[in-house]
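> Coordinates in my_file_9.txt, compact mmCIF, C-alpha atoms, are listed below.
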# COMPACT_ATOMS: atom_id res chain seq x y z
CA MET A 1 32.90 -123.51 84.01
CA PRO A 2 34.11 -125.91 81.32
CA THR A 3 31.56 -128.61 80.60
CA ALA A 4 31.74 -132.11 79.22
CA GLU A 5 28.17 -133.00 78.33
CA GLY A 6 28.81 -136.75 78.35
CA LEU A 7 30.23 -136.47 81.85
CA GLU A 8 27.21 -134.57 83.12
CA ARG A 9 24.88 -137.12 81.60
CA LEU A 10 26.81 -139.92 83.33
CA VAL A 11 26.68 -138.11 86.70
CA GLU A 12 22.94 -137.68 86.24
CA ALA A 13 22.49 -141.35 85.31
CA LEU A 14 24.47 -142.54 88.35
CA ARG A 15 22.08 -140.69 90.65
CA ILE A 16 19.35 -143.28 90.06
CA LEU A 17 21.38 -145.68 92.21
CA PRO A 18 19.92 -145.91 95.72
CA GLY A 19 21.85 -143.83 98.24
CA VAL A 20 23.85 -141.93 95.63
CA GLY A 21 23.60 -138.13 95.80
CA PRO A 22 25.12 -135.48 93.50
CA LYS A 23 28.55 -135.45 95.22
CA SER A 24 29.07 -139.20 95.20
CA ALA A 25 27.72 -139.51 91.66
CA GLN A 26 30.38 -137.03 90.60
CA ARG A 27 33.07 -138.92 92.50
CA MET A 28 31.93 -142.17 90.88
CA ALA A 29 32.02 -140.66 87.38
CA TYR A 30 35.54 -139.27 87.89
CA GLN A 31 36.72 -142.60 89.29
CA LEU A 32 35.26 -144.54 86.36
CA LEU A 33 36.61 -142.25 83.64
CA GLN A 34 39.95 -141.58 85.27
CA ARG A 35 40.96 -144.80 86.98
CA ASP A 36 38.80 -147.69 85.85
CA ARG A 37 37.64 -147.50 82.26
CA ALA A 38 37.68 -151.30 81.93
CA GLY A 39 35.44 -151.55 84.99
CA ALA A 40 33.10 -148.91 83.57
CA ASP A 41 32.87 -150.82 80.32
CA GLU A 42 32.11 -154.07 82.18
CA LEU A 43 29.47 -152.25 84.24
CA ALA A 44 27.77 -150.98 81.09
CA MET A 45 27.81 -154.42 79.48
CA SER A 46 26.64 -156.29 82.57
CA LEU A 47 23.78 -153.80 82.96
CA GLN A 48 22.67 -154.43 79.41
CA HIS A 49 23.08 -158.18 79.76
CA ALA A 50 21.10 -158.26 83.01
CA LEU A 51 18.34 -156.09 81.55
CA ALA A 52 18.01 -158.48 78.65
CA ALA A 53 18.46 -161.81 80.44
CA VAL A 54 17.24 -161.52 84.03
CA ARG A 55 13.52 -161.96 84.61
CA HIS A 56 11.23 -163.26 87.36
CA CYS A 57 10.63 -166.91 88.21
CA GLY A 58 7.08 -167.84 87.28
CA LYS A 59 6.58 -169.54 90.64
CA CYS A 60 8.54 -167.70 93.33
CA ASN A 61 9.02 -164.32 91.62
CA ASN A 62 12.75 -164.32 92.40
CA PHE A 63 15.24 -163.17 89.77
CA THR A 64 16.28 -165.91 87.36
CA GLU A 65 17.41 -166.36 83.79
CA ALA A 66 15.17 -169.40 83.31
CA GLY A 67 11.36 -169.50 83.23
CA ILE A 68 11.30 -171.34 86.56
CA CYS A 69 14.27 -170.88 88.90
CA SER A 70 16.42 -173.81 89.99
CA LEU A 71 15.03 -173.77 93.54
CA CYS A 72 11.41 -173.98 92.37
CA ALA A 73 12.36 -176.67 89.85
CA SER A 74 14.11 -178.81 92.48
CA PRO A 75 12.23 -182.02 93.38
CA ARG A 76 13.84 -182.00 96.83
CA ARG A 77 11.96 -178.96 98.13
CA ASP A 78 8.87 -179.37 100.27
CA ALA A 79 5.99 -177.89 98.29
CA THR A 80 3.64 -177.78 101.27
CA GLN A 81 5.44 -174.85 102.90
CA LEU A 82 5.69 -171.42 101.31
CA CYS A 83 7.95 -168.81 102.89
CA VAL A 84 7.22 -165.18 101.94
CA VAL A 85 10.21 -162.82 101.95
CA GLU A 86 10.68 -159.23 100.84
CA THR A 87 13.84 -159.54 98.72
CA PRO A 88 16.16 -162.08 97.07
CA ALA A 89 18.73 -161.15 99.74
CA ASP A 90 16.27 -162.22 102.45
CA LEU A 91 15.68 -165.50 100.62
CA ALA A 92 19.44 -166.07 100.56
CA MET A 93 19.61 -165.41 104.32
CA VAL A 94 16.86 -167.95 105.04
CA GLU A 95 18.60 -170.48 102.77
CA GLN A 96 21.86 -169.94 104.65
CA THR A 97 20.23 -171.17 107.85
CA SER A 98 19.69 -174.59 106.21
CA SER A 99 16.63 -174.92 108.43
CA PHE A 100 13.95 -174.50 105.78
CA SER A 101 13.38 -176.83 102.88
CA GLY A 102 10.10 -175.46 101.55
CA MET A 103 9.38 -173.09 98.69
CA TYR A 104 9.50 -169.30 98.56
CA PHE A 105 7.60 -166.33 97.30
CA VAL A 106 9.65 -163.15 96.87
CA LEU A 107 7.59 -159.95 97.10
CA MET A 108 10.38 -157.82 95.62
CA GLY A 109 9.36 -155.10 98.04
CA ARG A 110 6.90 -154.33 100.80
CA LEU A 111 3.62 -152.49 101.09
CA SER A 112 4.38 -148.80 101.35
CA PRO A 113 1.37 -146.60 100.61
CA LEU A 114 3.42 -143.42 101.06
CA ASP A 115 5.75 -144.51 98.24
CA GLY A 116 2.80 -145.65 96.14
CA VAL A 117 3.59 -149.37 96.57
CA GLY A 118 0.30 -151.24 96.81
CA PRO A 119 -0.71 -154.94 96.94
CA ARG A 120 -0.43 -155.45 93.17
CA ASP A 121 3.06 -153.91 93.03
CA ILE A 122 4.40 -156.65 95.29
CA GLY A 123 2.55 -159.39 93.43
CA LEU A 124 0.01 -160.25 96.12
CA ASP A 125 -2.49 -161.42 93.49
CA ARG A 126 0.08 -163.96 92.31
CA LEU A 127 0.94 -164.90 95.89
CA LEU A 128 -2.75 -165.56 96.55
CA ALA A 129 -3.03 -167.79 93.47
CA ARG A 130 0.18 -169.59 94.45
CA ALA A 131 -0.94 -170.14 98.07
CA THR A 132 -4.37 -171.49 97.16
CA GLU A 133 -3.46 -173.70 94.20
CA GLY A 134 -3.56 -176.85 96.28
CA GLU A 135 -0.17 -178.10 97.38
CA VAL A 136 0.62 -175.32 99.86
CA GLN A 137 -0.47 -176.11 103.43
CA GLU A 138 1.25 -173.33 105.34
CA VAL A 139 2.43 -169.85 104.44
CA ILE A 140 5.30 -168.60 106.63
CA LEU A 141 5.64 -164.83 106.65
CA ALA A 142 9.29 -163.78 106.89
CA THR A 143 9.00 -160.10 106.01
CA ASN A 144 11.14 -157.68 108.03
CA PHE A 145 10.15 -156.54 111.51
CA THR A 146 10.01 -152.96 110.37
CA ASN A 147 6.75 -150.99 110.31
CA GLU A 148 6.30 -151.65 106.60
CA GLY A 149 7.31 -155.30 106.85
CA GLU A 150 4.89 -155.83 109.74
CA ALA A 151 2.07 -154.10 107.87
CA THR A 152 2.79 -156.25 104.82
CA ALA A 153 2.71 -159.43 106.93
CA HIS A 154 -0.54 -158.31 108.54
CA TYR A 155 -2.13 -157.59 105.16
CA ILE A 156 -1.08 -160.94 103.68
CA ALA A 157 -2.21 -162.81 106.80
CA GLU A 158 -5.68 -161.25 106.55
CA MET A 159 -5.85 -161.94 102.81
CA LEU A 160 -4.93 -165.61 103.20
CA ARG A 161 -6.85 -166.39 106.38
CA THR A 162 -10.16 -165.41 104.76
CA ARG A 163 -9.35 -168.04 102.11
CA GLY A 164 -8.69 -170.67 104.78
CA VAL A 165 -4.91 -170.84 104.31
CA ARG A 166 -2.81 -171.52 107.43
CA VAL A 167 -0.48 -168.59 108.02
CA SER A 168 2.42 -168.20 110.47
CA ARG A 169 4.97 -165.50 111.23
CA ILE A 170 8.63 -166.09 112.09
CA ALA A 171 9.34 -165.45 115.78
CA ARG A 172 10.38 -162.17 117.29
CA GLY A 173 12.68 -162.15 120.31
CA VAL A 174 16.14 -161.59 121.69
CA PRO A 175 18.74 -162.44 119.01
CA LEU A 176 21.23 -165.27 119.54
CA GLY A 177 24.12 -163.99 121.63
CA GLY A 178 22.01 -160.95 122.49
CA GLU A 179 22.50 -159.44 125.93
CA LEU A 180 19.32 -158.21 127.61
CA GLU A 181 21.11 -155.04 128.69
CA TYR A 182 21.62 -154.00 125.09
CA VAL A 183 18.38 -155.21 123.54
CA ASP A 184 15.79 -152.53 122.89
CA ALA A 185 12.66 -152.43 125.03
CA GLY A 186 10.30 -153.36 122.18
CA THR A 187 12.20 -156.54 121.40
CA LEU A 188 12.43 -157.49 125.05
CA SER A 189 8.75 -156.89 125.66
CA GLN A 190 7.89 -159.07 122.63
CA ALA A 191 10.25 -161.76 123.90
CA LEU A 192 8.37 -161.73 127.22
CA ILE A 193 4.94 -161.84 125.59
CA GLU A 194 5.93 -164.62 123.22
CA ARG A 195 7.76 -166.66 125.88
CA ARG A 196 7.50 -170.41 125.43
CA SER A 197 7.12 -172.99 128.15
CA LEU A 198 10.03 -175.39 128.66
CA MET B 1 20.15 -171.01 96.36
CA PRO B 2 18.70 -170.10 92.99
CA THR B 3 21.17 -168.17 90.90
CA ALA B 4 20.84 -165.71 88.07
CA GLU B 5 24.29 -165.42 86.56
CA GLY B 6 23.58 -162.08 84.89
CA LEU B 7 22.50 -160.66 88.25
CA GLU B 8 25.67 -161.83 89.98
CA ARG B 9 27.79 -160.34 87.22
CA LEU B 10 25.97 -157.01 87.62
CA VAL B 11 26.46 -157.03 91.42
CA GLU B 12 30.16 -157.71 90.88
CA ALA B 13 30.43 -154.92 88.30
CA LEU B 14 28.71 -152.39 90.60
CA ARG B 15 31.35 -153.01 93.26
CA ILE B 16 33.95 -151.06 91.29
CA LEU B 17 32.09 -147.88 92.23
CA PRO B 18 33.87 -146.07 95.07
CA GLY B 19 32.24 -146.69 98.44
CA VAL B 20 30.04 -149.55 97.23
CA GLY B 21 30.38 -152.83 99.13
CA PRO B 22 28.70 -156.20 98.50
CA LYS B 23 25.46 -155.34 100.33
CA SER B 24 24.85 -152.03 98.61
CA ALA B 25 25.87 -153.44 95.23
CA GLN B 26 23.16 -156.06 95.69
CA ARG B 27 20.63 -153.44 96.75
CA MET B 28 21.53 -151.36 93.69
CA ALA B 29 21.16 -154.32 91.33
CA TYR B 30 17.72 -155.22 92.75
CA GLN B 31 16.62 -151.61 92.53
CA LEU B 32 17.75 -151.29 88.91
CA LEU B 33 16.20 -154.55 87.72
CA GLN B 34 13.03 -154.28 89.77
CA ARG B 35 12.12 -150.62 89.87
CA ASP B 36 14.10 -148.65 87.33
CA ARG B 37 14.91 -150.52 84.15
CA ALA B 38 14.76 -147.32 82.11
CA GLY B 39 17.29 -145.74 84.47
CA ALA B 40 19.52 -148.80 84.23
CA ASP B 41 19.39 -148.61 80.47
CA GLU B 42 20.25 -144.92 80.50
CA LEU B 43 23.12 -145.63 82.92
CA ALA B 44 24.56 -148.26 80.58
CA MET B 45 24.27 -145.97 77.57
CA SER B 46 25.69 -142.89 79.31
CA LEU B 47 28.63 -144.98 80.53
CA GLN B 48 29.38 -146.10 77.01
CA HIS B 49 28.92 -142.61 75.61
CA ALA B 50 31.18 -141.06 78.25
CA LEU B 51 33.86 -143.72 77.71
CA ALA B 52 33.83 -142.97 74.00
CA ALA B 53 33.47 -139.18 74.08
CA VAL B 54 35.04 -137.79 77.24
CA ARG B 55 38.77 -137.18 77.23
CA HIS B 56 41.25 -134.75 78.77
CA CYS B 57 41.79 -131.15 77.73
CA GLY B 58 45.20 -130.80 76.12
CA LYS B 59 45.96 -127.71 78.20
CA CYS B 60 44.32 -128.05 81.63
CA ASN B 61 43.83 -131.82 81.79
CA ASN B 62 40.16 -131.41 82.84
CA PHE B 63 37.50 -133.66 81.32
CA THR B 64 36.15 -132.35 78.02
CA GLU B 65 34.68 -133.60 74.78
CA ALA B 66 36.75 -131.19 72.71
CA GLY B 67 40.53 -131.18 72.23
CA ILE B 68 40.83 -128.00 74.27
CA CYS B 69 38.09 -127.25 76.83
CA SER B 70 35.95 -124.13 76.62
CA LEU B 71 37.66 -122.51 79.59
CA CYS B 72 41.15 -122.92 78.12
CA ALA B 73 39.87 -121.74 74.74
CA SER B 74 38.30 -118.59 76.19
CA PRO B 75 40.13 -115.37 75.27
CA ARG B 76 38.86 -113.71 78.45
CA ARG B 77 40.96 -115.81 80.83
CA ASP B 78 44.24 -114.46 82.21
CA ALA B 79 46.96 -116.77 80.88
CA THR B 80 49.59 -115.45 83.32
CA GLN B 81 48.04 -117.25 86.31
CA LEU B 82 47.79 -121.02 86.55
CA CYS B 83 45.76 -122.55 89.38
CA VAL B 84 46.54 -126.20 90.21
CA VAL B 85 43.65 -128.25 91.64
CA GLU B 86 43.19 -131.94 92.41
CA THR B 87 39.84 -132.63 90.72
CA PRO B 88 37.31 -131.14 88.31
CA ALA B 89 35.03 -130.65 91.34
CA ASP B 90 37.70 -128.47 92.97
CA LEU B 91 38.00 -126.45 89.75
CA ALA B 92 34.23 -125.92 89.80
CA MET B 93 34.43 -124.71 93.42
CA VAL B 94 37.14 -122.16 92.57
CA GLU B 95 35.12 -120.99 89.55
CA GLN B 96 32.06 -120.54 91.79
CA THR B 97 33.94 -117.96 93.84
CA SER B 98 34.21 -115.72 90.71
CA SER B 99 37.44 -114.41 92.21
CA PHE B 100 39.87 -116.08 89.82
CA SER B 101 40.09 -115.40 86.12
CA GLY B 102 43.26 -117.30 85.28
CA MET B 103 43.81 -120.76 83.83
CA TYR B 104 43.81 -124.14 85.53
CA PHE B 105 45.69 -127.39 85.65
CA VAL B 106 43.72 -130.37 86.98
CA LEU B 107 45.91 -133.10 88.50
CA MET B 108 43.06 -135.66 88.49
CA GLY B 109 44.40 -136.93 91.78
CA ARG B 110 47.15 -136.30 94.32
CA LEU B 111 50.50 -137.84 95.13
CA SER B 112 49.89 -140.96 97.16
CA PRO B 113 52.91 -143.28 97.29
CA LEU B 114 51.00 -145.84 99.39
CA ASP B 115 48.39 -146.19 96.62
CA GLY B 116 51.08 -146.22 93.96
CA VAL B 117 50.22 -142.72 92.65
CA GLY B 118 53.45 -141.02 91.63
CA PRO B 119 54.31 -137.71 89.89
CA ARG B 120 53.67 -139.02 86.39
CA ASP B 121 50.23 -140.41 87.34
CA ILE B 122 49.02 -136.91 88.15
CA GLY B 123 50.59 -135.40 85.03
CA LEU B 124 53.33 -133.40 86.74
CA ASP B 125 55.53 -133.67 83.64
CA ARG B 126 52.78 -131.94 81.65
CA LEU B 127 52.22 -129.39 84.42
CA LEU B 128 55.93 -128.55 84.34
CA ALA B 129 55.83 -128.08 80.57
CA ARG B 130 52.67 -125.95 80.88
CA ALA B 131 54.11 -123.79 83.68
CA THR B 132 57.37 -123.07 81.90
CA GLU B 133 56.12 -122.53 78.37
CA GLY B 134 56.31 -118.74 78.66
CA GLU B 135 52.98 -117.07 79.38
CA VAL B 136 52.53 -118.34 82.94
CA GLN B 137 53.91 -115.96 85.57
CA GLU B 138 52.49 -117.50 88.74
CA VAL B 139 51.36 -120.97 89.71
CA ILE B 140 48.77 -120.99 92.50
CA LEU B 141 48.56 -124.30 94.35
CA ALA B 142 44.99 -125.07 95.39
CA THR B 143 45.31 -128.73 96.36
CA ASN B 144 43.47 -129.87 99.50
CA PHE B 145 44.83 -129.23 102.98
CA THR B 146 45.00 -132.95 103.66
CA ASN B 147 48.30 -134.73 104.21
CA GLU B 148 48.37 -135.92 100.63
CA GLY B 149 47.26 -132.58 99.20
CA GLU B 150 49.91 -130.77 101.23
CA ALA B 151 52.61 -133.23 100.15
CA THR B 152 51.53 -132.76 96.53
CA ALA B 153 51.68 -128.97 96.86
CA HIS B 154 55.11 -129.22 98.47
CA TYR B 155 56.41 -131.48 95.71
CA ILE B 156 55.09 -129.22 92.93
CA ALA B 157 56.45 -126.10 94.65
CA GLU B 158 59.93 -127.64 94.83
CA MET B 159 59.73 -128.82 91.22
CA LEU B 160 58.73 -125.38 89.91
CA ARG B 161 60.88 -123.20 92.13
CA THR B 162 64.05 -124.88 90.86
CA ARG B 163 62.91 -123.79 87.37
CA GLY B 164 62.41 -120.22 88.51
CA VAL B 165 58.61 -120.24 88.39
CA ARG B 166 56.77 -118.14 91.00
CA VAL B 167 54.63 -120.43 93.15
CA SER B 168 51.99 -119.58 95.76
CA ARG B 169 49.63 -121.55 97.97
CA ILE B 170 46.05 -120.55 98.79
CA ALA B 171 45.70 -119.35 102.39
CA ARG B 172 44.93 -121.47 105.40
CA GLY B 173 42.98 -119.98 108.27
CA VAL B 174 39.70 -119.74 110.13
CA PRO B 175 36.82 -120.23 107.66
CA LEU B 176 34.28 -117.47 107.04
CA GLY B 177 31.68 -117.54 109.79
CA GLY B 178 34.00 -119.80 111.78
CA GLU B 179 33.91 -119.51 115.58
CA LEU B 180 37.27 -119.84 117.28
CA GLU B 181 35.74 -122.09 119.92
CA TYR B 182 34.94 -124.72 117.32
CA VAL B 183 37.95 -124.43 115.03
CA ASP B 184 40.57 -127.15 115.47
CA ALA B 185 43.90 -126.23 117.07
CA GLY B 186 45.92 -126.82 113.89
CA THR B 187 43.82 -124.38 111.89
CA LEU B 188 43.90 -121.79 114.65
CA SER B 189 47.65 -122.06 115.08
CA GLN B 190 48.11 -121.59 111.31
CA ALA B 191 45.77 -118.61 111.37
CA LEU B 192 47.96 -117.05 114.08
CA ILE B 193 51.21 -117.77 112.24
CA GLU B 194 49.86 -116.48 108.92
CA ARG B 195 48.21 -113.37 110.43
CA ARG B 196 48.26 -110.26 108.25
CA SER B 197 48.78 -106.69 109.37
CA LEU B 198 45.87 -104.30 108.99
Take the structure I supplied and represent it as structure tokens, if you would.


Amino acid sequence: MPTAEGLERLVEALRILPGVGPKSAQRMAYQLLQRDRAGADELAMSLQHALAAVRHCGKCNNFTEAGICSLCASPRRDATQLCVVETPADLAMVEQTSSFSGMYFVLMGRLSPLDGVGPRDIGLDRLLARATEGEVQEVILATNFTNEGEATAHYIAEMLRTRGVRVSRIARGVPLGGELEYVDAGTLSQALIERRSL
Amino acid sequence: MPTAEGLERLVEALRILPGVGPKSAQRMAYQLLQRDRAGADELAMSLQHALAAVRHCGKCNNFTEAGICSLCASPRRDATQLCVVETPADLAMVEQTSSFSGMYFVLMGRLSPLDGVGPRDIGLDRLLARATEGEVQEVILATNFTNEGEATAHYIAEMLRTRGVRVSRIARGVPLGGELEYVDAGTLSQALIERRSL
């Protein structure tokens, strides 16, 4: 089989992308070299630029190119509430609701002992310092309702409660527009347990 | 929402990869910046290296870093047979069978008028020159059995037959280990039509 070493190296490098196996890495490499060389060049340059310029906000741990991100630097945010999310995408989702005006802490992951992700890997030491430095009165846990997200929320809640910090968890229940017939039993049972009086 | 311009540019750049939408581009960017900066760096460098070094073989049109790829340069290949495939991956599959010792021509695509891919875009002018330059006695069409692959094979067959070149198409039929019960009707009907006497 005829080889092009540079091509093989590129296919190998593409496989570090999440969800990309050998076949799709190969398809990507062909596509880039055959049909979109300008795009490939831009991808290489934006990777290098991002690696050099993008770092973590000193307060919320989100990605930023400044020392403190614009959200943390804003005087209009309520510094007494601290919402903990797993990823920048989750932060963006919460922001989209326009129903939260507090600050954030982005874990950049979740506890996952099987993958070797422990408390320090998701910055829980920094979260602890941030939550106990004075201004924060309530920590709102908005990690995912997956097993790992729940375990992470539980761990953080324990960690903060022993230090006397007020901790809450966003509500579980039937989603807006959700039909009971199509909601899974776990969600429905939680919605019953956590019913609120009207 | 706090922005990191370099991050947004990277997410945008990742979207040129085939099959990558906005959500997965974002996930990829987070993964690269958060968990695999070395991999991201290697990806950027291998992209740049491949863009600079990888080109097309002057004979078979496959990717190579030399002027003529090692397969085309090999004296052990039978220059009287020319197998036409759509992609380098298809060439690799044919090579894996060890049942073909001729030469190849890689189209790097297929005719697709709706996507604006015409005969020149898949190098049919060069294929014609290659097939009629003397040594080649038979052109074997091994494009896919999709609509576009079939149309491409048909087009090439017409083009070459008018120049007096012998053209064949790899066989359609029930795959090895295939059970008639689970083979689609089109395949089965072709297998009946193209039956061979024993």

> Using all atoms listed in the file, can you list as a list in words the residues within 7 Å of (9.7, -174.8, 96.4)?

Leu71, Cys72, Arg77, Asp78, Ala79, Gly102, Met103 and Tyr104 of chain A

> Tell me, in Å to one decimal, how far atom CA of B:Glu42 is from atom CA of A:Ala44.

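Separation of atom CA of B:Glu42 and atom CA of A:Ala44: 9.7 Å.
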
> If we count only C-alpha atoms, which residues of chain A reach to within 8 Å of chain B? Please list them as number ranges by chain.

A: 1-7, 9-10, 13-14, 16-18, 26-28, 31-34, 37, 39-51, 53-54, 63-65, 69-71, 89, 92, 95, 108

> Calculate how many Å separate atom CA of B:Glu179 from atom CA of B:Phe145, rounding to one decimal.

19.3 Å

> If we count only C-alpha atoms, what is near A:Glu150 at a cut-off of 10 Å, once residues fewer than 6 positions away on the same chain are taken out, given as a list in words?

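Close residues of A:Glu150: Arg110, Leu111, Leu141, Ala142, Thr143, Asn144, Ile156 and Arg169 of chain A.
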
> Dump C-alpha atoms for the selected residues as a short mmCIF file (atom, residue, chain, number, x, y, z; two decimals), in the frame of the given file?


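Listed below is the output, result.cif:
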data_model
loop_
_atom_site.label_atom_id
_atom_site.label_comp_id
_atom_site.auth_asym_id
_atom_site.auth_seq_id
_atom_site.Cartn_x
_atom_site.Cartn_y
_atom_site.Cartn_z
CA ARG A 110 6.90 -154.33 100.80
CA LEU A 111 3.62 -152.49 101.09
CA LEU A 141 5.64 -164.83 106.65
CA ALA A 142 9.29 -163.78 106.89
CA THR A 143 9.00 -160.10 106.01
CA ASN A 144 11.14 -157.68 108.03
CA ILE A 156 -1.08 -160.94 103.68
CA ARG A 169 4.97 -165.50 111.23
#

> Between B:Leu82, B:Leu160, B:Val117, B:Val174, single out the one closest to B:Cys60, counting all atoms listed in the file.

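Of B:Leu82, B:Leu160, B:Val117, B:Val174, the one nearest B:Cys60, counting all atoms listed in the file, is B:Leu82.
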
> Name all residues at most 7 Å from B:Ile140 (count only C-alpha atoms; drop same-chain ones fewer than 3 positions away) and give them as an NGL selection string.

:B and (82-84 or 167-170)

> In Å to one decimal, how far is atom CA of B:Leu188 from atom CA of B:Gly173?

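Between atom CA of B:Gly173 and atom CA of B:Leu188 the gap works out to 6.7 Å.
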
> Find the smallest box with edges along x, y and z containing every listed atom of stretch 147-163 of chain B, then add 8 Å on each side and report centre and edge lengths in Å to one decimal, as JSON.


{"center_x": 55.7, "center_y": -129.6, "center_z": 95.8, "size_x": 32.8, "size_y": 28.7, "size_z": 32.8}

> Mind checking which residues fall within 9 Å of A:Arg166, counting only C-alpha atoms, ignoring those fewer than 5 positions away in the same chain, and posting them as a PyMOL selection string?

chain A and resi 137-140+157+160-161

> Please complete stretch 16-22 of chain B with all heavy atoms and give it back as a compact mmCIF listing (two decimals), in the frame of the given file.


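part23.txt, written as the output of this step:
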# COMPACT_ATOMS: atom_id res chain seq x y z
N ILE B 16 32.81 -151.93 91.62
CA ILE B 16 33.95 -151.06 91.29
C ILE B 16 33.67 -149.61 91.64
O ILE B 16 34.58 -148.80 91.71
CB ILE B 16 34.32 -151.12 89.79
CG1 ILE B 16 33.17 -150.56 88.94
CG2 ILE B 16 34.67 -152.52 89.35
CD1 ILE B 16 33.67 -149.98 87.66
N LEU B 17 32.41 -149.27 91.87
CA LEU B 17 32.09 -147.88 92.23
C LEU B 17 32.66 -147.58 93.61
O LEU B 17 32.57 -148.40 94.51
CB LEU B 17 30.57 -147.67 92.24
CG LEU B 17 29.88 -147.84 90.89
CD1 LEU B 17 28.37 -147.81 91.05
CD2 LEU B 17 30.33 -146.76 89.93
N PRO B 18 33.25 -146.39 93.78
CA PRO B 18 33.87 -146.07 95.07
C PRO B 18 32.82 -146.05 96.18
O PRO B 18 31.74 -145.49 96.01
CB PRO B 18 34.47 -144.68 94.84
CG PRO B 18 33.78 -144.12 93.65
CD PRO B 18 33.38 -145.29 92.81
N GLY B 19 33.13 -146.70 97.29
CA GLY B 19 32.24 -146.69 98.44
C GLY B 19 31.10 -147.68 98.36
O GLY B 19 30.19 -147.66 99.18
N VAL B 20 31.12 -148.56 97.37
CA VAL B 20 30.04 -149.55 97.23
C VAL B 20 30.55 -150.95 97.60
O VAL B 20 31.42 -151.49 96.94
CB VAL B 20 29.48 -149.55 95.79
CG1 VAL B 20 28.46 -150.66 95.61
CG2 VAL B 20 28.86 -148.20 95.47
N GLY B 21 30.01 -151.50 98.68
CA GLY B 21 30.38 -152.83 99.13
C GLY B 21 29.40 -153.87 98.62
O GLY B 21 28.49 -153.54 97.85
N PRO B 22 29.56 -155.14 99.03
CA PRO B 22 28.70 -156.20 98.50
C PRO B 22 27.21 -155.99 98.77
O PRO B 22 26.38 -156.19 97.88
CB PRO B 22 29.21 -157.46 99.20
CG PRO B 22 30.20 -157.03 100.22
CD PRO B 22 30.62 -155.65 99.91
